[in-house]
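Visitor: For reference, the structure I am asking about is given below.
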Amino acid sequence: MIKMVSRSTVIKPDSRENKTTIQIDKNVKEALTTLGLKGESYNQVLTRLISELEAQKKIDLKSLAKQIEEKPTSGQINIGKNITISKYERVTISISDRIYPQSTYYDSPTITLEVSYNKPLKKDDSLYQIDLKIDKVIFDNEVYSLKEFFGVLQKDMVYCEEFVYYYLKSIIEVIKIEFKKSNYFFKKYYEYLELARWRTFLLNSRLSPEILSNDVESVLADLKNEKTNKQLIKDVENSYYCKIREFGTR
């Protein structure tokens, strides 16, 4: 009697595992056929194209990093057609002024602003912006944030005219430090708030038009607009700065 022994069966994985079906337009299919190498399946064509794209991205990023590293003295770096980025060192300085800038009262207490700005790398940089930020206020040996002292942040400084004055006075100080330009145009408080005067000063000084457009003109234009945020108006009225002025004029 012969005993039958069953042989173990090897189950092979379905050849369709890890595969899916996607719908593509006829023109896409034709493009893949054109791009494909001899003997390549559509899957192989797509895989190769994805790999080439990822490799290109890595090359572009490395190239950009190399440009920045090799040109530390250049403010502008071209990274493609009509695309330029600017790279500047940030500098922090302190600027002092009177707490009553409109008044002729010269014994006025002093306010000190700590400001930061972009240091120009080339004097003829046509894209240079000062991008000045007032970081803190020092008064009577105490340090205050902008919100604590003026009632608003810098982005809302047009709600406080005096804040705008201090900001523009700081712009003039930066121009004097970095470009050695004398300040013949701005002596009195209201003169700092005159756009025509700024245009004359900056154009005659042959400085970057971006300073006029972004650092000055946009601020003065907003200053003339109607103020609609009642809460910000109230915050400015109740600010420490206004209280100091109110107390000092009694």
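So you can find residues: chains in the structure tokens are A, B, ... in the order shown, residues in each start at 1, and ligands are numbered from 1 in order.
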Near Leu146 in chain A, within 8 Å and counting only C-alpha atoms, which residues show up once chain neighbours fewer than 5 positions away are dropped, as a list in words?

Guide: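 So the residues in contact are Ile134, Asp135, Lys136, Val137, Gly151, Val152, Leu153 and Gln154 of chain A.
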
Visitor: Could you write out that same residue set with C-alpha atoms as a compact mmCIF listing (two decimals), in the first residue's frame?

Guide:
# COMPACT_ATOMS: atom_id res chain seq x y z
CA ILE A 134 11.94 100.37 18.09
CA ASP A 135 12.57 97.52 20.52
CA LYS A 136 12.23 99.21 23.91
CA VAL A 137 11.90 102.54 25.69
CA GLY A 151 -0.09 102.26 24.42
CA VAL A 152 0.50 100.69 20.98
CA LEU A 153 2.93 98.45 19.17
CA GLN A 154 5.04 99.81 16.31

Visitor: Would you list the contacts of Asp215 in chain A as an MDAnalysis selection string, taking every protein, DNA or RNA residue within 10 Å and counting only C-alpha atoms, but skipping same-chain residues closer than 4 positions in sequence?

Guide: chainID A and resid 129:132 167:168 171 209:211 219:220

Visitor: Show which residues sit within 9 Å of Val91 in chain A, as a short mmCIF file (atom, residue, chain, number, x, y, z; two decimals) with N, CA and C atoms, in the first residue's frame. Count only C-alpha atoms, and ignore same-chain residues fewer than 2 positions away.

Guide:
data_model
loop_
_atom_site.label_atom_id
_atom_site.label_comp_id
_atom_site.auth_asym_id
_atom_site.auth_seq_id
_atom_site.Cartn_x
_atom_site.Cartn_y
_atom_site.Cartn_z
N GLU A 89 22.94 92.64 7.90
CA GLU A 89 23.25 92.52 9.33
C GLU A 89 22.37 93.48 10.10
N ILE A 93 21.18 100.35 18.20
CA ILE A 93 21.74 101.58 18.76
C ILE A 93 20.72 102.21 19.71
N VAL A 115 16.82 100.99 19.28
CA VAL A 115 16.30 100.65 17.95
C VAL A 115 17.26 99.72 17.22
N SER A 116 16.71 98.90 16.32
CA SER A 116 17.52 98.03 15.48
C SER A 116 17.18 98.31 14.02
N TYR A 117 18.15 98.08 13.13
CA TYR A 117 17.93 98.37 11.71
C TYR A 117 18.89 97.55 10.86
N ASN A 118 18.64 97.54 9.55
CA ASN A 118 19.51 96.86 8.60
C ASN A 118 20.74 97.72 8.32
N LYS A 119 21.91 97.17 8.50
CA LYS A 119 23.13 97.89 8.17
C LYS A 119 23.38 97.75 6.67
#

Visitor: Could you pull out the residues in range 11-246 of chain A that DSSP calls strand (DSSP E) from the backbone, as JSON, numbers by chain?

Guide: {"A": [76, 77, 78, 79, 80, 83, 84, 85, 86, 89, 90, 91, 92, 93, 94, 95, 96, 97, 98, 110, 111, 112, 113, 114, 115, 116, 117, 118, 119, 133, 134, 135, 136, 137, 138, 139, 142, 143, 144]}

Visitor: Okay, now the selection with C-alpha atoms, as a PDB file, in the first residue's frame?

Guide:
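Result file result-v2.pdb:
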ATOM      1  CA  GLN A  76      21.275  91.078  -2.970  1.00  0.00           C
ATOM      2  CA  ILE A  77      21.415  87.462  -4.094  1.00  0.00           C
ATOM      3  CA  ASN A  78      19.752  86.357  -7.328  1.00  0.00           C
ATOM      4  CA  ILE A  79      18.075  82.982  -6.947  1.00  0.00           C
ATOM      5  CA  GLY A  80      16.208  82.906 -10.241  1.00  0.00           C
ATOM      6  CA  ILE A  83      13.797  86.853  -7.935  1.00  0.00           C
ATOM      7  CA  THR A  84      16.195  88.554  -5.519  1.00  0.00           C
ATOM      8  CA  ILE A  85      16.625  88.238  -1.770  1.00  0.00           C
ATOM      9  CA  SER A  86      18.440  90.668   0.491  1.00  0.00           C
ATOM     10  CA  GLU A  89      23.254  92.517   9.329  1.00  0.00           C
ATOM     11  CA  ARG A  90      21.026  93.916  12.077  1.00  0.00           C
ATOM     12  CA  VAL A  91      22.489  96.703  14.214  1.00  0.00           C
ATOM     13  CA  THR A  92      21.170  98.017  17.543  1.00  0.00           C
ATOM     14  CA  ILE A  93      21.744 101.576  18.759  1.00  0.00           C
ATOM     15  CA  SER A  94      20.304 103.941  21.393  1.00  0.00           C
ATOM     16  CA  ILE A  95      18.769 107.302  20.481  1.00  0.00           C
ATOM     17  CA  SER A  96      17.826 110.004  23.004  1.00  0.00           C
ATOM     18  CA  ASP A  97      15.327 112.833  22.659  1.00  0.00           C
ATOM     19  CA  ARG A  98      13.061 115.046  24.744  1.00  0.00           C
ATOM     20  CA  THR A 110      14.887 112.610  28.297  1.00  0.00           C
ATOM     21  CA  ILE A 111      13.509 109.510  26.604  1.00  0.00           C
ATOM     22  CA  THR A 112      15.879 106.878  25.169  1.00  0.00           C
ATOM     23  CA  LEU A 113      14.850 104.490  22.409  1.00  0.00           C
ATOM     24  CA  GLU A 114      16.679 101.265  21.683  1.00  0.00           C
ATOM     25  CA  VAL A 115      16.300 100.646  17.951  1.00  0.00           C
ATOM     26  CA  SER A 116      17.519  98.027  15.480  1.00  0.00           C
ATOM     27  CA  TYR A 117      17.930  98.369  11.711  1.00  0.00           C
ATOM     28  CA  ASN A 118      19.512  96.861   8.598  1.00  0.00           C
ATOM     29  CA  LYS A 119      23.126  97.889   8.172  1.00  0.00           C
ATOM     30  CA  LYS A 133      12.298  98.631  14.731  1.00  0.00           C
ATOM     31  CA  ILE A 134      11.944 100.371  18.090  1.00  0.00           C
ATOM     32  CA  ASP A 135      12.575  97.523  20.524  1.00  0.00           C
ATOM     33  CA  LYS A 136      12.231  99.215  23.911  1.00  0.00           C
ATOM     34  CA  VAL A 137      11.899 102.544  25.686  1.00  0.00           C
ATOM     35  CA  ILE A 138      14.032 103.738  28.590  1.00  0.00           C
ATOM     36  CA  PHE A 139      12.701 106.523  30.800  1.00  0.00           C
ATOM     37  CA  GLU A 142      13.235 102.160  33.791  1.00  0.00           C
ATOM     38  CA  VAL A 143      12.792  99.955  30.726  1.00  0.00           C
ATOM     39  CA  TYR A 144       9.369  99.732  29.054  1.00  0.00           C
TER      40      TYR A 144
END

Visitor: To one decimal place in Å, what is the distance between CA of Pro101 in chain A and CA of Phe247 in chain A?

Guide: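 Pair CA of Pro101 in chain A / CA of Phe247 in chain A returns 15.6 Å.
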
Visitor: Enumerate the residues of range 17-239 of chain A with a DSSP assignment of helix (DSSP H, G or I), computed from the backbone, and present them as a PyMOL selection string.

Guide: chain A and resi 26-35+42-70+146-150+154-159+161-179+189-193+195-205+209-224+230-237

Visitor: Excluding range 225-232 of chain A and residues on its chain fewer than 2 positions from it, collect all residues at most 9 Å away from it, counting only C-alpha atoms, and give them as a list in words.

Guide: Gly151, Val152, Asp156, Val158, Tyr159, Ala221, Asp222, Leu223, Lys234, Asp235, Val236 and Glu237 of chain A

Visitor: Need to verify the contact set: Ser205 in chain A, 12 Å, only C-alpha atoms, exclusion of same-chain residues closer than 5 positions in sequence. Can you return it as a list in words?

Guide: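 So the residues in contact are Lys123, Asp124, Ile172, Ile175, Lys176, Phe179, Lys180, Lys181, Ser182, Asn183, Tyr184, Phe185, Trp198, Arg199, Thr200, Ile211 and Leu212 of chain A.
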
Visitor: Which residue gives the smallest distance to Leu35 in chain A among A:Leu207, A:Leu121, A:Val164, A:Leu49, with only C-alpha atoms counted?

Guide: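 Looking only at the distances to Leu35 in chain A, the closest residue turns out to be A:Leu49.
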
Visitor: Which of these, A:Phe150, A:Phe186, A:Tyr42, A:Tyr88, has the shortest distance to Glu162 in chain A once you count only C-alpha atoms?

Guide: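 Going through A:Phe150, A:Phe186, A:Tyr42, A:Tyr88 one by one, the smallest distance to Glu162 in chain A is for A:Phe150.
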
Visitor: Find the distance between CA of Lys38 in chain A and CA of Ile50 in chain A and write it in Å to one decimal.

Guide: 18.1 Å

Visitor: CA of Glu178 in chain A to CA of Val216 in chain A: how many Å, to one decimal?

Guide: 16.8 Å
